file query.tsv (TSV, C-alpha atoms)
chain	number	residue	atom	x	y	z
A	1	MET	CA	0.00	0.00	0.00
A	2	SER	CA	1.40	3.42	-0.94
A	3	VAL	CA	1.34	6.47	1.31
A	4	GLU	CA	-1.09	8.22	-1.05
A	5	GLN	CA	-3.63	5.46	-0.38
A	6	ILE	CA	-3.14	5.44	3.39
A	7	ALA	CA	-2.64	9.14	4.22
A	8	PRO	CA	-6.07	10.45	3.09
A	9	LEU	CA	-7.81	7.87	5.26
A	10	VAL	CA	-5.68	8.86	8.25
A	11	ARG	CA	-6.24	12.57	7.65
A	12	GLY	CA	-9.95	11.91	7.29
A	13	ALA	CA	-9.99	10.23	10.70
A	14	PHE	CA	-8.58	13.38	12.30
A	15	LEU	CA	-11.00	15.59	10.34
A	16	GLY	CA	-13.93	13.47	11.45
A	17	ARG	CA	-12.82	13.31	15.09
A	18	PHE	CA	-11.94	16.97	15.66
A	19	ASN	CA	-13.95	18.81	12.95
A	20	VAL	CA	-11.08	21.19	12.13
A	21	PRO	CA	-8.68	21.21	9.17
A	22	VAL	CA	-5.55	19.14	9.73
A	23	ILE	CA	-2.05	19.06	8.28
A	24	LEU	CA	-0.93	15.43	8.18
A	25	ALA	CA	2.83	15.46	7.67
A	26	PRO	CA	5.31	12.56	7.49
A	27	ALA	CA	6.93	11.82	10.85
A	28	GLU	CA	9.84	9.84	12.19
A	29	PRO	CA	8.86	6.18	12.61
A	30	THR	CA	8.17	4.97	16.14
A	31	THR	CA	9.04	1.52	17.47
A	32	GLU	CA	5.57	0.05	17.20
A	33	ALA	CA	2.61	0.74	15.00
A	34	ALA	CA	-0.37	2.19	16.84
A	35	ILE	CA	-2.64	0.72	14.16
A	36	SER	CA	-1.89	-2.45	12.25
A	37	VAL	CA	-4.27	-4.04	9.74
A	38	ALA	CA	-3.87	-6.67	7.07
A	39	ALA	CA	-5.63	-4.78	4.25
A	40	LEU	CA	-6.55	-1.23	3.35
A	41	ASP	CA	-10.30	-1.90	3.62
A	42	GLU	CA	-9.79	-2.66	7.32
A	43	LEU	CA	-8.15	0.70	8.03
A	44	PRO	CA	-11.27	2.93	8.35
A	45	ALA	CA	-12.74	0.81	11.14
A	46	ALA	CA	-9.38	0.64	12.93
A	47	LEU	CA	-9.00	4.41	12.73
A	48	ALA	CA	-12.53	4.91	14.08
A	49	ALA	CA	-11.60	2.88	17.18
A	50	ALA	CA	-8.15	4.42	17.68
A	51	GLU	CA	-7.22	7.03	20.28
A	52	LEU	CA	-6.25	10.17	18.38
A	53	THR	CA	-4.76	13.37	19.73
A	54	LEU	CA	-4.33	16.71	18.01
A	55	PRO	CA	-1.53	17.55	17.70
A	56	GLY	CA	-0.28	14.01	17.81
A	57	ASP	CA	1.73	11.26	16.15
A	58	LEU	CA	0.37	8.06	14.68
A	59	ARG	CA	2.03	5.13	13.00
A	60	VAL	CA	-0.04	2.98	10.69
A	61	ALA	CA	0.85	-0.40	9.19
A	62	VAL	CA	-1.16	-1.91	6.35
A	63	GLY	CA	0.20	-5.30	5.50
A	64	ASP	CA	3.94	-4.86	5.04
A	65	GLU	CA	3.66	-1.10	4.44
A	66	SER	CA	4.20	1.19	7.44
A	67	HIS	CA	4.02	4.99	7.67
A	68	ALA	CA	4.29	7.45	10.55
A	69	PHE	CA	2.37	10.73	10.58
A	70	HIS	CA	2.25	13.91	12.63
A	71	ALA	CA	-1.15	15.60	12.77
A	72	SER	CA	-1.36	19.30	13.58
A	73	THR	CA	-3.36	22.41	12.75
A	74	LEU	CA	-2.28	25.54	10.94
A	75	GLY	CA	-3.10	28.51	13.15
A	76	GLU	CA	-6.23	28.26	15.26
A	77	PRO	CA	-9.06	27.04	13.03
A	78	ALA	CA	-12.50	26.97	14.56
A	79	PRO	CA	-14.76	23.92	14.28
A	80	ILE	CA	-16.78	24.20	11.09
A	81	PRO	CA	-20.56	24.42	11.65
A	82	HIS	CA	-22.94	22.77	9.21
A	83	GLY	CA	-26.64	22.49	8.53
A	84	LYS	CA	-28.90	23.35	11.47
A	85	ASP	CA	-26.08	24.20	13.86
A	86	PRO	CA	-26.92	27.73	15.12
A	87	ALA	CA	-23.32	28.76	14.55
A	88	ALA	CA	-23.83	28.12	10.83
A	89	SER	CA	-26.13	31.15	10.70
A	90	ALA	CA	-23.72	33.50	12.48
A	91	ALA	CA	-22.26	36.35	10.46
A	92	ALA	CA	-18.61	35.41	10.95
A	93	ALA	CA	-15.94	36.86	8.68
A	94	ARG	CA	-16.29	34.93	5.43
A	95	ALA	CA	-12.54	34.45	4.95
A	96	ARG	CA	-12.48	32.38	8.17
A	97	VAL	CA	-13.84	29.45	6.18
A	98	VAL	CA	-10.33	28.61	4.88
A	99	VAL	CA	-8.32	29.02	8.10
A	100	GLY	CA	-6.11	25.96	8.49
A	101	LYS	CA	-7.37	24.31	5.31
A	102	VAL	CA	-5.15	22.76	2.67
A	103	ALA	CA	-5.70	24.07	-0.85
A	104	VAL	CA	-4.18	23.66	-4.29
A	105	VAL	CA	-4.38	26.32	-7.00
A	106	THR	CA	-3.47	25.29	-10.53
A	107	GLY	CA	-1.96	27.98	-12.68
A	108	GLY	CA	-1.06	29.57	-9.35
A	109	ALA	CA	2.21	31.24	-10.31
A	110	GLN	CA	0.75	34.24	-12.13
A	111	GLY	CA	-2.40	36.18	-13.02
A	112	PHE	CA	-5.65	35.26	-11.28
A	113	GLY	CA	-3.96	32.17	-9.88
A	114	ALA	CA	-1.36	34.19	-7.99
A	115	GLU	CA	-4.09	36.52	-6.70
A	116	ILE	CA	-6.00	33.51	-5.39
A	117	VAL	CA	-2.89	32.03	-3.77
A	118	ARG	CA	-2.14	35.33	-2.01
A	119	GLY	CA	-5.72	35.63	-0.80
A	120	LEU	CA	-5.88	32.09	0.58
A	121	VAL	CA	-2.52	32.40	2.35
A	122	ALA	CA	-3.52	35.76	3.86
A	123	SER	CA	-6.69	34.08	5.14
A	124	GLY	CA	-4.79	31.32	6.93
A	125	ALA	CA	-4.70	28.42	4.45
A	126	PHE	CA	-1.81	26.20	3.40
A	127	VAL	CA	-1.59	26.45	-0.39
A	128	TYR	CA	0.09	24.33	-3.04
A	129	ILE	CA	1.11	26.57	-5.95
A	130	ALA	CA	0.73	24.21	-8.91
A	131	ASP	CA	2.04	25.43	-12.24
A	132	LEU	CA	4.01	24.39	-15.29
A	133	ASN	CA	6.10	27.49	-14.58
A	134	ALA	CA	8.27	25.89	-11.90
A	135	ASP	CA	10.44	28.95	-11.38
A	136	GLY	CA	7.43	31.22	-11.00
A	137	ALA	CA	5.77	28.88	-8.48
A	138	ALA	CA	8.98	28.58	-6.47
A	139	LYS	CA	9.49	32.36	-6.47
A	140	LEU	CA	5.95	33.00	-5.23
A	141	ALA	CA	6.29	30.29	-2.55
A	142	ALA	CA	9.55	31.84	-1.35
A	143	GLU	CA	7.85	35.23	-1.14
A	144	LEU	CA	4.78	34.00	0.76
A	145	GLY	CA	6.56	31.68	3.17
A	146	PRO	CA	6.18	28.28	4.84
A	147	THR	CA	2.42	27.93	4.38
A	148	THR	CA	2.95	27.40	0.66
A	149	ALA	CA	4.60	24.71	-1.44
A	150	PRO	CA	5.36	24.80	-5.17
A	151	ILE	CA	4.41	21.86	-7.39
A	152	THR	CA	5.43	21.55	-11.02
A	153	VAL	CA	2.54	20.13	-13.04
A	154	ASN	CA	1.29	19.96	-16.59
A	155	VAL	CA	-2.47	19.93	-16.04
A	156	ALA	CA	-3.09	18.50	-19.53
A	157	ASP	CA	-0.89	15.44	-18.85
A	158	GLU	CA	-2.55	12.72	-16.78
A	159	ALA	CA	0.70	11.25	-15.41
A	160	SER	CA	1.75	14.71	-14.22
A	161	VAL	CA	-1.59	15.35	-12.50
A	162	GLU	CA	-1.51	11.90	-10.88
A	163	ALA	CA	2.00	12.60	-9.59
A	164	MET	CA	0.79	15.90	-8.12
A	165	ALA	CA	-1.98	14.10	-6.25
A	166	ALA	CA	0.53	11.60	-4.85
A	167	GLN	CA	2.83	14.42	-3.74
A	168	ILE	CA	-0.01	16.19	-1.94
A	169	ALA	CA	-1.05	12.99	-0.16
A	170	ALA	CA	2.52	12.30	0.94
A	171	THR	CA	3.07	15.87	2.18
A	172	THR	CA	-0.15	16.91	3.94
A	173	GLY	CA	-2.23	13.75	3.86
A	174	GLY	CA	-4.83	15.27	1.56
A	175	LEU	CA	-6.56	18.59	1.03
A	176	ASP	CA	-9.81	20.50	1.42
A	177	LEU	CA	-10.00	22.85	-1.55
A	178	VAL	CA	-9.12	22.47	-5.23
A	179	VAL	CA	-9.07	25.63	-7.33
A	180	SER	CA	-8.76	24.60	-10.98
A	181	ASN	CA	-7.55	27.87	-12.43
A	182	ALA	CA	-4.99	27.04	-15.14
A	183	GLY	CA	-6.14	28.17	-18.56
A	184	ILE	CA	-5.04	29.68	-21.83
A	185	VAL	CA	-6.53	31.74	-24.63
A	186	ARG	CA	-5.80	31.37	-28.33
A	187	ALA	CA	-8.00	33.92	-30.07
A	188	GLY	CA	-8.75	33.76	-33.76
A	189	SER	CA	-11.46	33.53	-36.39
A	190	VAL	CA	-13.01	30.13	-36.97
A	191	LEU	CA	-12.22	30.68	-40.66
A	192	GLU	CA	-8.51	31.06	-39.99
A	193	GLN	CA	-7.49	29.48	-36.68
A	194	GLU	CA	-5.11	26.54	-36.74
A	195	ALA	CA	-6.58	23.28	-35.45
A	196	ALA	CA	-3.53	22.86	-33.21
A	197	ASP	CA	-4.43	26.05	-31.32
A	198	PHE	CA	-8.03	24.88	-30.97
A	199	ARG	CA	-6.92	21.50	-29.58
A	200	LEU	CA	-4.43	23.06	-27.16
A	201	THR	CA	-7.10	25.40	-25.79
A	202	THR	CA	-9.44	22.45	-25.30
A	203	GLU	CA	-6.78	20.36	-23.58
A	204	ILE	CA	-5.84	23.06	-21.06
A	205	ASN	CA	-9.26	24.57	-20.37
A	206	TYR	CA	-11.51	21.50	-20.64
A	207	THR	CA	-9.72	18.15	-20.53
A	208	ALA	CA	-7.39	19.29	-17.74
A	209	PHE	CA	-10.37	20.01	-15.46
A	210	PHE	CA	-11.44	16.39	-15.94
A	211	LEU	CA	-7.95	15.20	-14.98
A	212	ILE	CA	-7.74	17.50	-11.96
A	213	THR	CA	-11.15	16.38	-10.71
A	214	LYS	CA	-10.36	12.71	-11.33
A	215	HIS	CA	-7.11	12.52	-9.40
A	216	LEU	CA	-7.58	15.15	-6.68
A	217	GLY	CA	-11.21	14.10	-6.33
A	218	ARG	CA	-9.97	10.64	-5.39
A	219	LEU	CA	-8.06	12.16	-2.45
A	220	LEU	CA	-11.15	14.06	-1.31
A	221	ALA	CA	-13.32	10.95	-1.63
A	222	ALA	CA	-10.82	8.83	0.33
A	223	GLN	CA	-10.85	11.32	3.22
A	224	ARG	CA	-14.63	11.19	3.26
A	225	ARG	CA	-14.53	7.46	4.07
A	226	THR	CA	-13.18	8.30	7.54
A	227	ALA	CA	-14.70	11.81	7.85
A	228	PRO	CA	-18.35	11.34	6.79
A	229	ASP	CA	-19.41	14.87	7.79
A	230	TRP	CA	-16.44	16.73	6.28
A	231	THR	CA	-17.28	18.77	3.17
A	232	THR	CA	-14.69	19.66	0.54
A	233	ASP	CA	-14.73	21.88	-2.53
A	234	ILE	CA	-13.63	21.83	-6.15
A	235	ILE	CA	-13.94	25.25	-7.75
A	236	GLN	CA	-13.28	25.82	-11.42
A	237	ILE	CA	-12.24	29.34	-12.41
A	238	ASN	CA	-14.24	29.56	-15.59
A	239	SER	CA	-15.02	32.81	-17.44
A	240	LYS	CA	-17.84	35.06	-18.52
A	241	SER	CA	-17.10	33.43	-21.90
A	242	GLY	CA	-18.51	30.25	-20.40
A	243	LEU	CA	-21.88	32.01	-20.15
A	244	VAL	CA	-22.01	33.94	-23.43
A	245	GLY	CA	-20.29	33.44	-26.76
A	246	SER	CA	-17.11	35.32	-27.65
A	247	ASN	CA	-16.54	36.75	-31.12
A	248	LYS	CA	-13.44	35.36	-32.88
A	249	ASN	CA	-12.64	33.46	-29.69
A	250	GLY	CA	-14.63	30.28	-30.21
A	251	ALA	CA	-11.99	27.86	-28.99
A	252	TYR	CA	-11.86	29.59	-25.61
A	253	ALA	CA	-15.60	30.10	-25.22
A	254	GLY	CA	-16.35	26.55	-26.31
A	255	SER	CA	-13.91	25.10	-23.79
A	256	LYS	CA	-15.42	27.25	-21.04
A	257	PHE	CA	-19.02	26.34	-21.95
A	258	GLY	CA	-17.91	22.72	-21.81
A	259	GLY	CA	-16.29	23.31	-18.42
A	260	ILE	CA	-19.64	24.35	-16.94
A	261	GLY	CA	-21.15	21.13	-18.27
A	262	LEU	CA	-18.43	19.21	-16.46
A	263	VAL	CA	-19.01	21.22	-13.27
A	264	GLN	CA	-22.71	20.34	-13.27
A	265	SER	CA	-22.08	16.68	-14.09
A	266	PHE	CA	-19.27	16.25	-11.54
A	267	ALA	CA	-21.41	17.97	-8.91
A	268	LEU	CA	-24.14	15.38	-9.36
A	269	GLU	CA	-21.68	12.50	-9.14
A	270	LEU	CA	-19.40	13.67	-6.33
A	271	VAL	CA	-22.09	14.84	-3.91
A	272	GLU	CA	-22.12	11.34	-2.41
A	273	HIS	CA	-18.49	11.92	-1.40
A	274	GLY	CA	-19.22	15.25	0.26
A	275	ILE	CA	-17.53	17.17	-2.55
A	276	LYS	CA	-19.16	20.36	-3.79
A	277	VAL	CA	-18.26	21.33	-7.35
A	278	ASN	CA	-18.87	24.88	-8.54
A	279	ALA	CA	-17.53	27.40	-11.03
A	280	ILE	CA	-16.75	31.09	-10.86
A	281	CYS	CA	-17.11	33.03	-14.10
A	282	PRO	CA	-15.02	36.19	-13.77
A	283	GLY	CA	-15.02	39.11	-16.08
A	284	ASN	CA	-11.81	40.29	-17.64
A	285	PHE	CA	-8.71	40.64	-15.43
A	286	TYR	CA	-7.23	43.45	-17.46
A	287	ASP	CA	-4.17	43.98	-15.27
A	288	GLY	CA	-2.97	40.38	-15.42
A	289	PRO	CA	-0.61	38.87	-17.99
A	290	LEU	CA	-3.44	37.11	-19.83
A	291	TRP	CA	-4.61	40.51	-21.06
A	292	SER	CA	-1.65	42.85	-20.59
A	293	ASP	CA	1.39	40.80	-21.63
A	294	PRO	CA	3.04	42.98	-24.30
A	295	ASP	CA	3.77	40.02	-26.60
A	296	ARG	CA	1.01	37.42	-26.13
A	297	GLY	CA	-1.65	39.29	-24.11
A	298	LEU	CA	-5.23	39.42	-25.29
A	299	PHE	CA	-5.07	43.15	-25.96
A	300	VAL	CA	-2.29	42.45	-28.46
A	301	GLN	CA	-4.03	39.38	-29.88
A	302	TYR	CA	-7.35	41.16	-30.30
A	303	LEU	CA	-5.69	44.15	-31.94
A	304	ALA	CA	-3.92	41.85	-34.40
A	305	SER	CA	-7.04	39.78	-35.17
A	306	GLY	CA	-9.20	42.83	-35.77
A	307	LYS	CA	-11.66	41.80	-33.10
A	308	VAL	CA	-12.24	45.45	-32.14
A	309	PRO	CA	-13.33	47.30	-35.31
A	310	GLY	CA	-11.41	50.52	-35.87
A	311	ALA	CA	-8.95	50.00	-33.01
A	312	THR	CA	-5.38	50.90	-33.92
A	313	THR	CA	-3.70	50.73	-30.48
A	314	VAL	CA	-3.72	48.48	-27.44
A	315	ASP	CA	-5.15	51.35	-25.34
A	316	GLU	CA	-8.11	51.63	-27.69
A	317	VAL	CA	-8.76	47.89	-27.35
A	318	ARG	CA	-8.71	48.21	-23.55
A	319	GLU	CA	-11.06	51.21	-23.58
A	320	PHE	CA	-13.46	49.27	-25.80
A	321	TYR	CA	-13.67	46.38	-23.32
A	322	GLU	CA	-13.91	48.54	-20.20
A	323	SER	CA	-16.82	50.43	-21.77
A	324	LYS	CA	-18.81	47.18	-21.89
A	325	VAL	CA	-18.77	46.75	-18.08
A	326	PRO	CA	-21.56	48.54	-16.17
A	327	LEU	CA	-19.19	49.04	-13.22
A	328	ARG	CA	-16.61	50.44	-15.65
A	329	ARG	CA	-13.60	48.38	-14.66
A	330	GLY	CA	-12.05	44.98	-15.02
A	331	THR	CA	-12.27	42.21	-12.45
A	332	TYR	CA	-9.90	42.28	-9.47
A	333	GLY	CA	-8.48	39.31	-7.62
A	334	SER	CA	-10.41	40.37	-4.53
A	335	ASP	CA	-13.70	40.05	-6.46
A	336	VAL	CA	-12.92	36.42	-7.23
A	337	MET	CA	-11.76	35.72	-3.66
A	338	ARG	CA	-15.12	36.84	-2.25
A	339	ALA	CA	-16.87	34.43	-4.58
A	340	ILE	CA	-14.53	31.59	-3.56
A	341	TYR	CA	-15.25	32.21	0.13
A	342	TYR	CA	-18.97	32.27	-0.57
A	343	LEU	CA	-18.92	28.93	-2.36
A	344	ILE	CA	-16.89	27.28	0.40
A	345	GLU	CA	-19.05	28.72	3.17
A	346	GLN	CA	-22.31	27.81	1.46
A	347	ASP	CA	-23.11	24.20	2.40
A	348	TYR	CA	-26.20	24.17	0.24
A	349	GLU	CA	-24.85	24.98	-3.21
A	350	THR	CA	-23.26	22.75	-5.81
A	351	GLY	CA	-23.17	22.65	-9.60
A	352	GLN	CA	-23.40	26.43	-9.93
A	353	ALA	CA	-21.62	28.91	-12.19
A	354	VAL	CA	-21.35	32.21	-10.33
A	355	PRO	CA	-20.80	35.30	-12.52
A	356	VAL	CA	-18.34	37.92	-11.20
A	357	THR	CA	-18.47	40.34	-14.11
A	358	GLY	CA	-19.31	43.84	-12.87
A	359	GLY	CA	-22.78	43.40	-14.38
A	360	GLN	CA	-21.48	42.63	-17.86
A	361	VAL	CA	-23.13	39.20	-17.82
A	362	MET	CA	-26.34	38.73	-15.86
A	363	LEU	CA	-28.11	35.46	-15.23
A	364	SER	CA	-31.44	34.96	-16.96
A	365	SER	CA	-34.16	32.35	-16.63
call {"tool": "encode", "arguments": {"input": "query.tsv", "output": "structure tokens"}}
result
Amino acid sequence: MSVEQIAPLVRGAFLGRFNVPVILAPAEPTTEAAISVAALDELPAALAAAELTLPGDLRVAVGDESHAFHASTLGEPAPIPHGKDPAASAAAARARVVVGKVAVVTGGAQGFGAEIVRGLVASGAFVYIADLNADGAAKLAAELGPTTAPITVNVADEASVEAMAAQIAATTGGLDLVVSNAGIVRAGSVLEQEAADFRLTTEINYTAFFLITKHLGRLLAAQRRTAPDWTTDIIQINSKSGLVGSNKNGAYAGSKFGGIGLVQSFALELVEHGIKVNAICPGNFYDGPLWSDPDRGLFVQYLASGKVPGATTVDEVREFYESKVPLRRGTYGSDVMRAIYYLIEQDYETGQAVPVTGGQVMLSS
């Protein structure tokens, strides 16, 4: 039995017993195993009967495989109220919902991803910064400190995503929040765009969300076996282009529309494992590299593709897009963070696509 199979069950036992987020780190082996079972299926019952302390050490043997763990909390997380608990109706600070939790943010080294990482860390979470840009992830982790860890991952490659899940299980025992943020844009007319750009956009924005949910969802489901009342979250950072079409940007909009279909379908399936699956559909983050990069940013791409009739400069393209927003600005990282906190805090919502667009896209019946 590998540590990634054992650790989520052990972490789940602590979650279920103490009702607070737990960091389950590898520990030095002790002389005797506190729990010893012949097969993995016997472990949940053994954990339910075990004496657990927090913080505390525990050694677990499954067959010939033995692992030692140290369970602790990050900061001082409060027990998480649910359902009819009166505390669930209290108007506590919304950001408190992530104190002590373990999160992973894909595409976390730059743009919206980096904004989300910063917000979660500032609110007391431990955050894996998962990105193909290894140097960028390591630089951000060094800046933000010991409650972060960089992970190099190609979200469109299943072996890479599977390895990320194994690394998370071996390092913290599991996690509580998945923010699937990694994405790309390849704008262009359907009459002219290369099929390779269309496929790449689909792989990163659509197929990768399937892979992320498959492998990290397995960790969340394993924890649930020993923590039957613990709720976890998968949040896809989608786009307003997942709600309305986008002119000369069909590859992107199509992948985002498809992502919402996955969100709704995964929500229906994973509810039995206590996993809520939702999407946030932000408006345009004009100050991030996706839009403002001087070489590959969308302002440059849209100017070159003629998407904005009559525009001759990047500034004119930006003015055109800002004029479409009733609140007259682009989306900020803080706007998205408030939506993330809402979706985590809200026990009674799954399968939703929440627009954060300054009024540019409004839901209709």
call {"tool": "atom_distance", "arguments": {"input": "query.tsv", "atom1": "atom CA of Thr30 of chain A", "atom2": "atom CA of Ala165 of chain A"}}
result
26.2 Å
call {"tool": "atom_distance", "arguments": {"input": "query.tsv", "atom1": "atom CA of Asn278 of chain A", "atom2": "atom CA of Tyr342 of chain A"}}
result
10.9 Å
call {"tool": "closest_residue", "arguments": {"input": "query.tsv", "among": "A:Val153, A:Leu270, A:Ala125, A:Ile184", "to": "Gly217 of chain A", "atoms": "all atoms listed in the file"}}
result
A:Leu270
call {"tool": "residues_around", "arguments": {"input": "query.tsv", "residues": "Asp131 of chain A", "least_positions_apart": "3", "cutoff": "10 Å", "atoms": "all atoms listed in the file", "output": "PyMOL selection string"}}
result
chain A and resi 105-110+113+128+134-138+150-155+181-182
call {"tool": "closest_residue", "arguments": {"input": "query.tsv", "among": "A:Pro29, A:Pro282, A:Gly245, A:Gly145", "to": "Ile340 of chain A", "atoms": "all atoms listed in the file"}}
result
A:Pro282
call {"tool": "closest_residue", "arguments": {"input": "query.tsv", "among": "A:Ser36, A:Gln352, A:Gln193, A:Ser72", "to": "Gln264 of chain A", "atoms": "all atoms listed in the file"}}
result
A:Gln352
call {"tool": "residues_around", "arguments": {"input": "query.tsv", "residues": "segment 218-223 of chain A", "least_positions_apart": "6", "cutoff": "8 Å", "atoms": "all atoms listed in the file", "output": "PyMOL selection string"}}
result
chain A and resi 5+8-13+165+169+174-176+232+273-275
call {"tool": "write_last_selection", "arguments": {"input": "query.tsv", "atoms": "C-alpha atoms", "output": "tab-separated table (two decimals), keeping the file's coordinate frame"}}
result
chain	number	residue	atom	x	y	z
A	5	GLN	CA	-3.63	5.46	-0.38
A	8	PRO	CA	-6.07	10.45	3.09
A	9	LEU	CA	-7.81	7.87	5.26
A	10	VAL	CA	-5.68	8.86	8.25
A	11	ARG	CA	-6.24	12.57	7.65
A	12	GLY	CA	-9.95	11.91	7.29
A	13	ALA	CA	-9.99	10.23	10.70
A	165	ALA	CA	-1.98	14.10	-6.25
A	169	ALA	CA	-1.05	12.99	-0.16
A	174	GLY	CA	-4.83	15.27	1.56
A	175	LEU	CA	-6.56	18.59	1.03
A	176	ASP	CA	-9.81	20.50	1.42
A	232	THR	CA	-14.69	19.66	0.54
A	273	HIS	CA	-18.49	11.92	-1.40
A	274	GLY	CA	-19.22	15.25	0.26
A	275	ILE	CA	-17.53	17.17	-2.55
call {"tool": "closest_residue", "arguments": {"input": "query.tsv", "among": "A:Ala166, A:Val117, A:Leu24, A:Leu290", "to": "Glu4 of chain A", "atoms": "all atoms listed in the file"}}
result
A:Ala166
call {"tool": "closest_residue", "arguments": {"input": "query.tsv", "among": "A:Asp157, A:Glu192, A:Glu28, A:Asp335", "to": "Leu132 of chain A", "atoms": "all atoms listed in the file"}}
result
A:Asp157
call {"tool": "closest_residue", "arguments": {"input": "query.tsv", "among": "A:Phe210, A:Glu194, A:Gly359, A:Asn284", "to": "Ile260 of chain A", "atoms": "all atoms listed in the file"}}
result
A:Phe210
call {"tool": "atom_distance", "arguments": {"input": "query.tsv", "atom1": "atom CA of Val190 of chain A", "atom2": "atom CA of Ser265 of chain A"}}
result
28.0 Å
call {"tool": "residues_near_point", "arguments": {"input": "query.tsv", "point": "(-9.3, 24.3, -1.4)", "cutoff": "9 Å", "atoms": "only C-alpha atoms", "output": "VMD selection string"}}
result
chain A and resid 98 101 to 105 120 125 127 175 to 179 232 to 235 344
call {"tool": "residues_around", "arguments": {"input": "query.tsv", "residues": "Arg329 of chain A", "least_positions_apart": "4", "cutoff": "10 Å", "atoms": "only C-alpha atoms", "output": "PyMOL selection string"}}
result
chain A and resi 283-286+319+321-325+357-358
call {"tool": "closest_atom_pairs", "arguments": {"input": "query.tsv", "of": "segment 200-294 of chain A", "to": "segment 301-310 of chain A", "cutoff": "9 Å", "atoms": "all atoms listed in the file", "output": "tab-separated table"}}
result
residue	atom	partner	partner_atom	distance
A:Asn247	CA	A:Lys307	CA	7.3
A:Lys248	CA	A:Lys307	CA	6.7
A:Trp291	CA	A:Gln301	CA	8.9
call {"tool": "residues_around", "arguments": {"input": "query.tsv", "residues": "Gly333 of chain A", "least_positions_apart": "5", "cutoff": "10 Å", "atoms": "all atoms listed in the file", "output": "list in words"}}
result
Gly111, Phe112, Gly113, Ala114, Glu115, Ile116, Val117, Arg118, Gly119, Pro282, Phe285, Asp287, Gly288 and Arg338 of chain A
call {"tool": "residues_around", "arguments": {"input": "query.tsv", "residues": "segment 251-258 of chain A", "least_positions_apart": "3", "cutoff": "7 Å", "atoms": "all atoms listed in the file", "output": "compact mmCIF listing (two decimals) with C-alpha atoms, in the frame of the given file"}}
result
# COMPACT_ATOMS: atom_id res chain seq x y z
CA VAL A 185 -6.53 31.74 -24.63
CA ARG A 186 -5.80 31.37 -28.33
CA PHE A 198 -8.03 24.88 -30.97
CA THR A 201 -7.10 25.40 -25.79
CA THR A 202 -9.44 22.45 -25.30
CA ASN A 205 -9.26 24.57 -20.37
CA TYR A 206 -11.51 21.50 -20.64
CA ASN A 238 -14.24 29.56 -15.59
CA SER A 239 -15.02 32.81 -17.44
CA SER A 241 -17.10 33.43 -21.90
CA GLY A 242 -18.51 30.25 -20.40
CA LEU A 243 -21.88 32.01 -20.15
CA GLY A 245 -20.29 33.44 -26.76
CA SER A 246 -17.11 35.32 -27.65
CA GLY A 261 -21.15 21.13 -18.27
CA LEU A 262 -18.43 19.21 -16.46
call {"tool": "build_atoms", "arguments": {"input": "query.tsv", "residues": "segment 133-144 of chain A", "atoms": "N, CA and C atoms", "output": "tab-separated table (two decimals), in the coordinates of the input"}}
result
chain	number	residue	atom	x	y	z
A	133	ASN	N	5.03	26.53	-14.80
A	133	ASN	CA	6.10	27.49	-14.58
A	133	ASN	C	6.73	27.23	-13.22
A	134	ALA	N	7.67	26.30	-13.17
A	134	ALA	CA	8.27	25.89	-11.90
A	134	ALA	C	8.98	27.04	-11.21
A	135	ASP	N	9.71	27.83	-11.97
A	135	ASP	CA	10.44	28.95	-11.38
A	135	ASP	C	9.48	29.98	-10.78
A	136	GLY	N	8.40	30.26	-11.50
A	136	GLY	CA	7.43	31.22	-11.00
A	136	GLY	C	6.75	30.73	-9.73
A	137	ALA	N	6.41	29.44	-9.68
A	137	ALA	CA	5.77	28.88	-8.48
A	137	ALA	C	6.73	28.92	-7.30
A	138	ALA	N	7.99	28.56	-7.55
A	138	ALA	CA	8.98	28.58	-6.47
A	138	ALA	C	9.23	30.00	-5.97
A	139	LYS	N	9.27	30.97	-6.86
A	139	LYS	CA	9.49	32.36	-6.47
A	139	LYS	C	8.34	32.87	-5.61
A	140	LEU	N	7.10	32.56	-6.01
A	140	LEU	CA	5.95	33.00	-5.23
A	140	LEU	C	5.92	32.31	-3.87
A	141	ALA	N	6.25	31.02	-3.83
A	141	ALA	CA	6.29	30.29	-2.55
A	141	ALA	C	7.33	30.89	-1.62
A	142	ALA	N	8.50	31.23	-2.17
A	142	ALA	CA	9.55	31.84	-1.35
A	142	ALA	C	9.09	33.18	-0.79
A	143	GLU	N	8.35	33.92	-1.58
A	143	GLU	CA	7.85	35.23	-1.14
A	143	GLU	C	6.81	35.10	-0.04
A	144	LEU	N	5.92	34.10	-0.17
A	144	LEU	CA	4.78	34.00	0.76
A	144	LEU	C	5.08	33.18	2.00
